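To keep things clear, I will list the structure first and then write my remarks on it.
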Amino acid sequence: MRGLAPDGGLFMPERIPVIPGAFFNNIADMGIRDIAFVVADRMLGNDIDSADIRRIVNETFSFDIPLVELGGGIYSLELFHGPTLAFKDVGARFLARVISNFSDSRRGVVKVLVATSGDSGGAVAHGFKDVKGVEVYVLYPHGVLSQLQRSQLCMPGSNIHPIEVLGTFDDCQRMAREALLDPELRSSAALTSANSINICRLLPQMFYFFHAYAQLLQHGGAGEGAVMSIPAGNLGNLTAGLLSWRMGLPVKRFVVANNANSVTADYLNHGELRPRRAVRTVARAMDVGHPTNMDRIIDMFDGERGALSHIVTGYSVPDTEIIGEMRRTHADHGYLIDPHGATGLAALRSDIKPGEKGIFLATAHPSKFPVAVTEATGVRFEPVKINPAHRMATPRISASADALKKELRR
Ligand SMILES: *Cc1c(COP(=O)(O)O)cnc(C)c1O
């Protein structure tokens, strides 16, 4: 509910519970909702009633997350069948339901802040729409969103309030963080974050790592687990994967797939953590120069990079290889992937050894990135029709803490 710790740091679980081994003997027969319930109850059972956890995970997973075999021991974990066609639906839907479970209309509304460069905003807007007692403020940089992405934020008369910021995505993230720590704002309303700085957005992302393992066993895969390749931006998915592994999930190793923004891969390979300005790539949801969840990962390994790079290997994939992977996968397997999934697949192909099984996270539906897909494969998508009601004008503010404060007080 706080989003950020009072000292500005990120919350982590005090201890990571381990799931008894017997669970994995039966996991192949379990569906995602039952798996999610077991894992969530281990993590949150002291704070949320089991019946509420059951309801929250059942509502979160209103769609399937299939594991699709491409051949040669390589599988795609399709995380994009939710309402906004990206994996962020999982975290947003779970977080919205947990917040609504704790919010109490007698104590006033909860204000939720989220900074977006595209996908988070739509998923959060969709996940929180019409949730009682919650008002959502979506900060997005001027000139970056597509028509479709913008229309996903504009829901006139709802509890979703898009705000255009005359600045960059990093400005939006900074402004949201500053607001969360502002004593005056905090005293007037409960204020929290729906970005992956909020641990509650990461917890439900663990469930699909377990579900992937269950499906791998169904496909005849080995109990030792797969090489898990993760297209990475702010490292929410990697954090969730590592937490799952710590809880006992068998994973052979993790592969981090950066695009040309190679901060994490460079840290793993050379030991130097050097945040820098992001450059624009075809996999733009991963154009992150300063990955926020790195602090959590370093904490999990007590700052020992050697221990971390033992289980995680890093790659940086340039745009030409991302497009090449999309083309090859379509030509060889008749399978369309989006540029983010393709980044994961390209890194996985570089890393996997004969006899191993590999799973990459397909984080967005290919139709969300039609220009890149058409460039790589020649396949075209029908343009999505946008409801004119969803083209509303949004407030536009300067990239300053004061301007945001004014908007939040309205
Ligand atoms: C957000 C996003 C990512 C990056 O995920 P992180 O958990 O921030 O590392 C990758 N692919 C897509 C499509 C995304 O929207």
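Here, A, B, ... name the chains of the structure tokens in the order displayed, residue numbers run from 1 inside each chain, and ligands are numbered from 1 in the same displayed order.
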8 Å from ligand 1 is the threshold here; counting only C-alpha atoms and all ligand atoms, which polymer residues fall inside it? Answer as a count of residues only. 28
Quick check for you: according to DSSP on this backbone, which residues of region 126-178 of chain A are classed as alpha helix (DSSP H)? Reply as a PyMOL selection string. chain A and resi 126-128+147-151+169-178
Next, write the just-selected residues to a file, as a compact mmCIF listing (two decimals), in the first residue's frame, keeping all heavy atoms as the atom set.
# COMPACT_ATOMS: atom_id res chain seq x y z
N HIS A 126 -6.45 -0.41 -17.27
CA HIS A 126 -7.42 -1.47 -17.45
C HIS A 126 -7.64 -2.24 -16.14
O HIS A 126 -8.77 -2.54 -15.76
CB HIS A 126 -6.96 -2.42 -18.55
CG HIS A 126 -8.07 -3.20 -19.16
ND1 HIS A 126 -8.65 -4.26 -18.50
CD2 HIS A 126 -8.74 -3.06 -20.31
CE1 HIS A 126 -9.62 -4.75 -19.24
NE2 HIS A 126 -9.70 -4.04 -20.35
N GLY A 127 -6.54 -2.54 -15.44
CA GLY A 127 -6.64 -3.32 -14.20
C GLY A 127 -7.38 -2.59 -13.09
O GLY A 127 -8.05 -3.20 -12.27
N PHE A 128 -7.27 -1.25 -13.05
CA PHE A 128 -7.85 -0.47 -11.95
C PHE A 128 -9.17 0.19 -12.30
O PHE A 128 -9.81 0.80 -11.44
CB PHE A 128 -6.88 0.64 -11.51
CG PHE A 128 -5.76 0.16 -10.62
CD1 PHE A 128 -4.63 -0.43 -11.16
CD2 PHE A 128 -5.84 0.31 -9.24
CE1 PHE A 128 -3.59 -0.84 -10.35
CE2 PHE A 128 -4.80 -0.11 -8.42
CZ PHE A 128 -3.68 -0.68 -8.98
N GLN A 147 -1.17 6.23 -30.80
CA GLN A 147 -2.60 6.55 -30.68
C GLN A 147 -3.32 5.50 -29.84
O GLN A 147 -4.14 5.81 -28.99
CB GLN A 147 -3.24 6.53 -32.08
CG GLN A 147 -2.91 7.73 -32.92
CD GLN A 147 -3.92 8.85 -32.69
OE1 GLN A 147 -4.74 8.76 -31.79
NE2 GLN A 147 -3.83 9.90 -33.49
N LEU A 148 -2.98 4.22 -30.14
CA LEU A 148 -3.65 3.12 -29.44
C LEU A 148 -3.32 3.15 -27.95
O LEU A 148 -4.20 3.03 -27.10
CB LEU A 148 -3.23 1.78 -30.06
CG LEU A 148 -3.78 0.54 -29.36
CD1 LEU A 148 -5.29 0.49 -29.47
CD2 LEU A 148 -3.17 -0.72 -29.95
N GLN A 149 -2.03 3.34 -27.63
CA GLN A 149 -1.63 3.36 -26.23
C GLN A 149 -2.30 4.50 -25.49
O GLN A 149 -2.76 4.36 -24.35
CB GLN A 149 -0.11 3.49 -26.12
CG GLN A 149 0.60 2.19 -26.44
CD GLN A 149 2.10 2.35 -26.49
OE1 GLN A 149 2.62 3.39 -26.91
NE2 GLN A 149 2.82 1.32 -26.07
N ARG A 150 -2.40 5.65 -26.16
CA ARG A 150 -3.02 6.81 -25.51
C ARG A 150 -4.52 6.53 -25.29
O ARG A 150 -5.06 6.85 -24.24
CB ARG A 150 -2.82 8.05 -26.40
CG ARG A 150 -2.82 9.32 -25.59
CD ARG A 150 -2.40 10.52 -26.43
NE ARG A 150 -2.93 11.71 -25.78
CZ ARG A 150 -4.19 12.09 -25.85
NH1 ARG A 150 -5.06 11.38 -26.56
NH2 ARG A 150 -4.60 13.16 -25.21
N SER A 151 -5.14 5.91 -26.28
CA SER A 151 -6.57 5.65 -26.15
C SER A 151 -6.86 4.68 -25.00
O SER A 151 -7.92 4.70 -24.41
CB SER A 151 -7.15 5.11 -27.45
OG SER A 151 -6.78 3.75 -27.63
N PHE A 169 10.46 9.95 -20.02
CA PHE A 169 9.95 8.90 -19.13
C PHE A 169 10.68 8.94 -17.78
O PHE A 169 10.07 8.77 -16.73
CB PHE A 169 10.13 7.52 -19.79
CG PHE A 169 9.83 6.37 -18.87
CD1 PHE A 169 8.58 6.23 -18.30
CD2 PHE A 169 10.81 5.45 -18.56
CE1 PHE A 169 8.30 5.17 -17.44
CE2 PHE A 169 10.54 4.39 -17.71
CZ PHE A 169 9.29 4.25 -17.14
N ASP A 170 11.99 9.19 -17.84
CA ASP A 170 12.74 9.28 -16.57
C ASP A 170 12.21 10.40 -15.70
O ASP A 170 12.15 10.27 -14.47
CB ASP A 170 14.24 9.45 -16.84
CG ASP A 170 14.88 8.15 -17.32
OD1 ASP A 170 14.42 7.08 -16.90
OD2 ASP A 170 15.82 8.22 -18.14
N ASP A 171 11.81 11.53 -16.32
CA ASP A 171 11.18 12.61 -15.54
C ASP A 171 9.91 12.12 -14.87
O ASP A 171 9.66 12.40 -13.69
CB ASP A 171 10.82 13.80 -16.45
CG ASP A 171 12.07 14.54 -16.97
OD1 ASP A 171 13.04 14.65 -16.19
OD2 ASP A 171 12.05 14.98 -18.13
N CYS A 172 9.10 11.37 -15.63
CA CYS A 172 7.83 10.86 -15.07
C CYS A 172 8.11 9.96 -13.86
O CYS A 172 7.44 10.06 -12.83
CB CYS A 172 7.05 10.06 -16.12
SG CYS A 172 6.53 11.04 -17.53
N GLN A 173 9.10 9.08 -14.00
CA GLN A 173 9.44 8.18 -12.90
C GLN A 173 9.93 8.95 -11.68
O GLN A 173 9.54 8.67 -10.55
CB GLN A 173 10.53 7.19 -13.35
CG GLN A 173 9.95 5.87 -13.78
CD GLN A 173 11.01 4.80 -14.02
OE1 GLN A 173 12.09 5.06 -14.53
NE2 GLN A 173 10.69 3.58 -13.67
N ARG A 174 10.75 9.95 -11.92
CA ARG A 174 11.28 10.76 -10.82
C ARG A 174 10.15 11.51 -10.12
O ARG A 174 10.05 11.54 -8.89
CB ARG A 174 12.33 11.73 -11.37
CG ARG A 174 12.88 12.71 -10.34
CD ARG A 174 13.88 13.69 -10.98
NE ARG A 174 13.42 14.29 -12.23
CZ ARG A 174 12.55 15.29 -12.31
NH1 ARG A 174 12.02 15.81 -11.22
NH2 ARG A 174 12.19 15.78 -13.49
N MET A 175 9.25 12.11 -10.91
CA MET A 175 8.15 12.88 -10.31
C MET A 175 7.24 11.99 -9.47
O MET A 175 6.79 12.38 -8.39
CB MET A 175 7.33 13.55 -11.43
CG MET A 175 8.08 14.69 -12.11
SD MET A 175 7.38 15.09 -13.74
CE MET A 175 5.79 15.79 -13.28
N ALA A 176 6.97 10.78 -9.97
CA ALA A 176 6.11 9.86 -9.21
C ALA A 176 6.79 9.47 -7.89
O ALA A 176 6.15 9.45 -6.84
CB ALA A 176 5.82 8.60 -10.04
N ARG A 177 8.08 9.22 -7.95
CA ARG A 177 8.82 8.85 -6.72
C ARG A 177 8.84 9.99 -5.73
O ARG A 177 8.65 9.78 -4.53
CB ARG A 177 10.26 8.48 -7.09
CG ARG A 177 10.50 6.98 -7.16
CD ARG A 177 11.96 6.70 -7.51
NE ARG A 177 12.59 5.95 -6.43
CZ ARG A 177 13.22 4.77 -6.61
NH1 ARG A 177 13.29 4.23 -7.80
NH2 ARG A 177 13.78 4.15 -5.61
N GLU A 178 9.05 11.21 -6.24
CA GLU A 178 9.08 12.37 -5.34
C GLU A 178 7.73 12.55 -4.66
O GLU A 178 7.65 12.82 -3.46
CB GLU A 178 9.45 13.65 -6.11
CG GLU A 178 10.94 13.75 -6.40
CD GLU A 178 11.28 14.86 -7.41
OE1 GLU A 178 10.36 15.57 -7.88
OE2 GLU A 178 12.47 14.99 -7.72
7 Å contact set for Asp287 (chain A), only C-alpha atoms, chain neighbours under 5 positions out, as a list in words: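 Neighbouring residues, sequence-local ones excluded: Gly233, Asn261, Ala278, Val279, Arg280 and Thr281 of chain A.
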Can you tell me, as a list in words, what residues are no more than 10 Å from Val379 (chain A) when counting only C-alpha atoms, ignoring any on the same chain fewer than 4 positions away?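 Using only C-alpha atoms, the neighbours found are His330, Leu336, Ser367, Pro370, Val371, Ala372, Val373, Thr374 and Glu375 of chain A.
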With N, CA and C atoms retained, could you export that selection as a PDB file, in the first residue's frame?
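File produced: out_10.pdb:
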ATOM      1  N   HIS A 330       9.673 -16.660 -37.879  1.00  0.00           N
ATOM      2  CA  HIS A 330       8.486 -16.759 -38.732  1.00  0.00           C
ATOM      3  C   HIS A 330       8.739 -17.700 -39.902  1.00  0.00           C
ATOM      4  N   LEU A 336       4.925 -15.939 -35.102  1.00  0.00           N
ATOM      5  CA  LEU A 336       5.194 -14.500 -35.000  1.00  0.00           C
ATOM      6  C   LEU A 336       5.583 -14.140 -33.574  1.00  0.00           C
ATOM      7  N   SER A 367       0.988  -8.143 -32.408  1.00  0.00           N
ATOM      8  CA  SER A 367       0.163  -7.083 -33.018  1.00  0.00           C
ATOM      9  C   SER A 367       0.337  -5.731 -32.340  1.00  0.00           C
ATOM     10  N   PRO A 370       3.221  -3.545 -34.775  1.00  0.00           N
ATOM     11  CA  PRO A 370       2.975  -3.931 -36.167  1.00  0.00           C
ATOM     12  C   PRO A 370       4.070  -3.464 -37.121  1.00  0.00           C
ATOM     13  N   VAL A 371       4.676  -2.308 -36.868  1.00  0.00           N
ATOM     14  CA  VAL A 371       5.687  -1.805 -37.807  1.00  0.00           C
ATOM     15  C   VAL A 371       6.885  -2.745 -37.847  1.00  0.00           C
ATOM     16  N   ALA A 372       7.376  -3.131 -36.670  1.00  0.00           N
ATOM     17  CA  ALA A 372       8.535  -4.026 -36.612  1.00  0.00           C
ATOM     18  C   ALA A 372       8.192  -5.408 -37.173  1.00  0.00           C
ATOM     19  N   VAL A 373       6.997  -5.895 -36.847  1.00  0.00           N
ATOM     20  CA  VAL A 373       6.607  -7.231 -37.325  1.00  0.00           C
ATOM     21  C   VAL A 373       6.524  -7.234 -38.847  1.00  0.00           C
ATOM     22  N   THR A 374       5.929  -6.191 -39.412  1.00  0.00           N
ATOM     23  CA  THR A 374       5.817  -6.132 -40.868  1.00  0.00           C
ATOM     24  C   THR A 374       7.191  -5.989 -41.518  1.00  0.00           C
ATOM     25  N   GLU A 375       8.047  -5.175 -40.913  1.00  0.00           N
ATOM     26  CA  GLU A 375       9.404  -5.016 -41.463  1.00  0.00           C
ATOM     27  C   GLU A 375      10.133  -6.358 -41.490  1.00  0.00           C
TER      28      GLU A 375
END
Using only C-alpha atoms, which residues sit within 9 Å of Arg296 (chain A) once same-chain residues fewer than 5 positions away are excluded, as a PyMOL selection string? chain A and resi 10-12+239+301
Taking only C-alpha atoms into account, name the residue in A:His161, A:His270, A:Arg276, A:His290 that is nearest to Met392 (chain A).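 Selected residue with least distance to Met392 (chain A): A:His161.
Residues lying within 12 Å of Asp182 (chain A), counting only C-alpha atoms and ignoring same-chain neighbours fewer than 2 positions away, are Leu4, Pro6, Asp7, Gly8, Met175, Ala176, Arg177, Glu178, Ala179, Leu180, Glu184, Leu185, Arg186, Ser187, Ser188, Ala189, Ala190, Leu191, Thr192, Ala401, Asp402, Leu404, Lys405 and Leu408 of chain A.
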Report as a PDB file with N, CA, C and O atoms, in the first residue's frame all protein, DNA and RNA residues lying within 8 Å of region 344-356 of chain A, evaluated on only C-alpha atoms, omitting residues in the same chain fewer than 3 positions from it.
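Written output follows (part03.pdb):
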ATOM      1  N   GLY A  73      13.814 -28.049 -28.501  1.00  0.00           N
ATOM      2  CA  GLY A  73      13.872 -27.842 -27.048  1.00  0.00           C
ATOM      3  C   GLY A  73      13.595 -26.413 -26.620  1.00  0.00           C
ATOM      4  O   GLY A  73      13.831 -26.049 -25.475  1.00  0.00           O
ATOM      5  N   ALA A 226      14.342 -25.552 -16.811  1.00  0.00           N
ATOM      6  CA  ALA A 226      14.786 -25.033 -18.100  1.00  0.00           C
ATOM      7  C   ALA A 226      15.728 -23.846 -17.906  1.00  0.00           C
ATOM      8  O   ALA A 226      15.845 -23.290 -16.820  1.00  0.00           O
ATOM      9  N   VAL A 227      16.393 -23.485 -19.013  1.00  0.00           N
ATOM     10  CA  VAL A 227      17.079 -22.199 -19.074  1.00  0.00           C
ATOM     11  C   VAL A 227      15.993 -21.166 -19.355  1.00  0.00           C
ATOM     12  O   VAL A 227      15.278 -21.275 -20.348  1.00  0.00           O
ATOM     13  N   MET A 228      15.835 -20.180 -18.453  1.00  0.00           N
ATOM     14  CA  MET A 228      14.756 -19.202 -18.587  1.00  0.00           C
ATOM     15  C   MET A 228      15.320 -17.896 -19.128  1.00  0.00           C
ATOM     16  O   MET A 228      16.131 -17.250 -18.468  1.00  0.00           O
ATOM     17  N   SER A 229      14.885 -17.506 -20.322  1.00  0.00           N
ATOM     18  CA  SER A 229      15.411 -16.278 -20.919  1.00  0.00           C
ATOM     19  C   SER A 229      14.412 -15.135 -20.780  1.00  0.00           C
ATOM     20  O   SER A 229      13.250 -15.261 -21.151  1.00  0.00           O
ATOM     21  N   ILE A 230      14.891 -14.020 -20.240  1.00  0.00           N
ATOM     22  CA  ILE A 230      14.013 -12.940 -19.823  1.00  0.00           C
ATOM     23  C   ILE A 230      14.375 -11.629 -20.504  1.00  0.00           C
ATOM     24  O   ILE A 230      15.428 -11.048 -20.224  1.00  0.00           O
ATOM     25  N   PRO A 231      13.523 -11.172 -21.424  1.00  0.00           N
ATOM     26  CA  PRO A 231      13.740  -9.838 -22.004  1.00  0.00           C
ATOM     27  C   PRO A 231      13.602  -8.806 -20.891  1.00  0.00           C
ATOM     28  O   PRO A 231      12.589  -8.799 -20.193  1.00  0.00           O
ATOM     29  N   VAL A 255      18.761 -16.318 -18.262  1.00  0.00           N
ATOM     30  CA  VAL A 255      19.437 -15.495 -19.254  1.00  0.00           C
ATOM     31  C   VAL A 255      18.749 -14.136 -19.250  1.00  0.00           C
ATOM     32  O   VAL A 255      17.523 -14.061 -19.345  1.00  0.00           O
ATOM     33  N   VAL A 256      19.517 -13.070 -19.077  1.00  0.00           N
ATOM     34  CA  VAL A 256      18.962 -11.720 -19.165  1.00  0.00           C
ATOM     35  C   VAL A 256      19.208 -11.210 -20.571  1.00  0.00           C
ATOM     36  O   VAL A 256      20.346 -11.192 -21.033  1.00  0.00           O
ATOM     37  N   ALA A 257      18.137 -10.812 -21.237  1.00  0.00           N
ATOM     38  CA  ALA A 257      18.257 -10.318 -22.609  1.00  0.00           C
ATOM     39  C   ALA A 257      17.966  -8.823 -22.633  1.00  0.00           C
ATOM     40  O   ALA A 257      16.819  -8.400 -22.563  1.00  0.00           O
ATOM     41  N   TYR A 315      23.108 -10.910 -21.938  1.00  0.00           N
ATOM     42  CA  TYR A 315      23.357 -10.642 -23.354  1.00  0.00           C
ATOM     43  C   TYR A 315      22.748  -9.298 -23.719  1.00  0.00           C
ATOM     44  O   TYR A 315      21.740  -8.876 -23.142  1.00  0.00           O
ATOM     45  N   SER A 316      23.356  -8.642 -24.703  1.00  0.00           N
ATOM     46  CA  SER A 316      22.770  -7.440 -25.275  1.00  0.00           C
ATOM     47  C   SER A 316      22.550  -7.707 -26.763  1.00  0.00           C
ATOM     48  O   SER A 316      23.470  -8.135 -27.460  1.00  0.00           O
ATOM     49  N   VAL A 317      21.322  -7.517 -27.227  1.00  0.00           N
ATOM     50  CA  VAL A 317      20.961  -7.871 -28.600  1.00  0.00           C
ATOM     51  C   VAL A 317      20.645  -6.600 -29.394  1.00  0.00           C
ATOM     52  O   VAL A 317      19.704  -5.877 -29.044  1.00  0.00           O
ATOM     53  N   GLU A 321      19.711  -7.803 -34.969  1.00  0.00           N
ATOM     54  CA  GLU A 321      19.521  -9.209 -34.576  1.00  0.00           C
ATOM     55  C   GLU A 321      18.110  -9.480 -34.083  1.00  0.00           C
ATOM     56  O   GLU A 321      17.584 -10.584 -34.255  1.00  0.00           O
ATOM     57  N   ILE A 322      17.499  -8.468 -33.472  1.00  0.00           N
ATOM     58  CA  ILE A 322      16.114  -8.638 -33.008  1.00  0.00           C
ATOM     59  C   ILE A 322      15.209  -8.851 -34.225  1.00  0.00           C
ATOM     60  O   ILE A 322      14.418  -9.799 -34.281  1.00  0.00           O
ATOM     61  N   GLU A 325      15.863 -12.213 -35.811  1.00  0.00           N
ATOM     62  CA  GLU A 325      15.251 -13.316 -35.050  1.00  0.00           C
ATOM     63  C   GLU A 325      13.757 -13.416 -35.350  1.00  0.00           C
ATOM     64  O   GLU A 325      13.210 -14.512 -35.517  1.00  0.00           O
ATOM     65  N   HIS A 340      10.256  -7.721 -28.284  1.00  0.00           N
ATOM     66  CA  HIS A 340      10.759  -8.010 -26.933  1.00  0.00           C
ATOM     67  C   HIS A 340      10.968  -9.510 -26.742  1.00  0.00           C
ATOM     68  O   HIS A 340      12.027  -9.946 -26.267  1.00  0.00           O
ATOM     69  N   GLY A 341       9.977 -10.292 -27.148  1.00  0.00           N
ATOM     70  CA  GLY A 341      10.132 -11.744 -27.111  1.00  0.00           C
ATOM     71  C   GLY A 341      11.313 -12.175 -27.969  1.00  0.00           C
ATOM     72  O   GLY A 341      12.082 -13.067 -27.583  1.00  0.00           O
ATOM     73  N   ILE A 359      13.249 -21.790 -22.245  1.00  0.00           N
ATOM     74  CA  ILE A 359      11.975 -21.076 -22.324  1.00  0.00           C
ATOM     75  C   ILE A 359      12.275 -19.580 -22.384  1.00  0.00           C
ATOM     76  O   ILE A 359      13.053 -19.078 -21.567  1.00  0.00           O
ATOM     77  N   PHE A 360      11.684 -18.879 -23.367  1.00  0.00           N
ATOM     78  CA  PHE A 360      11.800 -17.412 -23.334  1.00  0.00           C
ATOM     79  C   PHE A 360      10.427 -16.815 -23.042  1.00  0.00           C
ATOM     80  O   PHE A 360       9.396 -17.395 -23.396  1.00  0.00           O
ATOM     81  N   LEU A 361      10.424 -15.666 -22.366  1.00  0.00           N
ATOM     82  CA  LEU A 361       9.166 -15.000 -22.054  1.00  0.00           C
ATOM     83  C   LEU A 361       8.746 -14.168 -23.264  1.00  0.00           C
ATOM     84  O   LEU A 361       9.479 -13.275 -23.686  1.00  0.00           O
ATOM     85  N   ALA A 362       7.583 -14.483 -23.827  1.00  0.00           N
ATOM     86  CA  ALA A 362       7.008 -13.664 -24.902  1.00  0.00           C
ATOM     87  C   ALA A 362       6.149 -12.611 -24.208  1.00  0.00           C
ATOM     88  O   ALA A 362       5.031 -12.884 -23.787  1.00  0.00           O
TER      89      ALA A 362
END
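Distances from A:Ile197, A:Leu139, A:Ala115, A:Leu242 to Ile397 (chain A) were compared using only C-alpha atoms, and the smallest one belongs to A:Leu139.
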Just the number, please: distance in Å from CA of Leu166 (chain A) to CA of Pro141 (chain A), one decimal. 6.2 Å
Calculate how many Å separate CA of Phe23 (chain A) from CA of Val38 (chain A), rounding to one decimal. 8.9 Å
Enumerate the residues of region 99-183 of chain A with a DSSP assignment of strand (DSSP E), computed from the backbone, and present them as a VMD selection string. chain A and resid 110 to 115 134 to 141 160 to 166
Of the listed residues A:Gly108, A:Pro83, A:Gly225, A:Pro162, that which approaches Glu407 (chain A) most closely, counting only C-alpha atoms: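 With only C-alpha atoms as the atom set, the closest residue is A:Pro162.
Between Leu203 (chain A) and the residues A:Glu78, A:Asp319, A:Asp41, A:Glu272, the shortest atom-to-atom distance, using only C-alpha atoms, involves A:Asp41.
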Computed gap from CA of Gly9 (chain A) to CA of Lys132 (chain A) is 28.6 Å
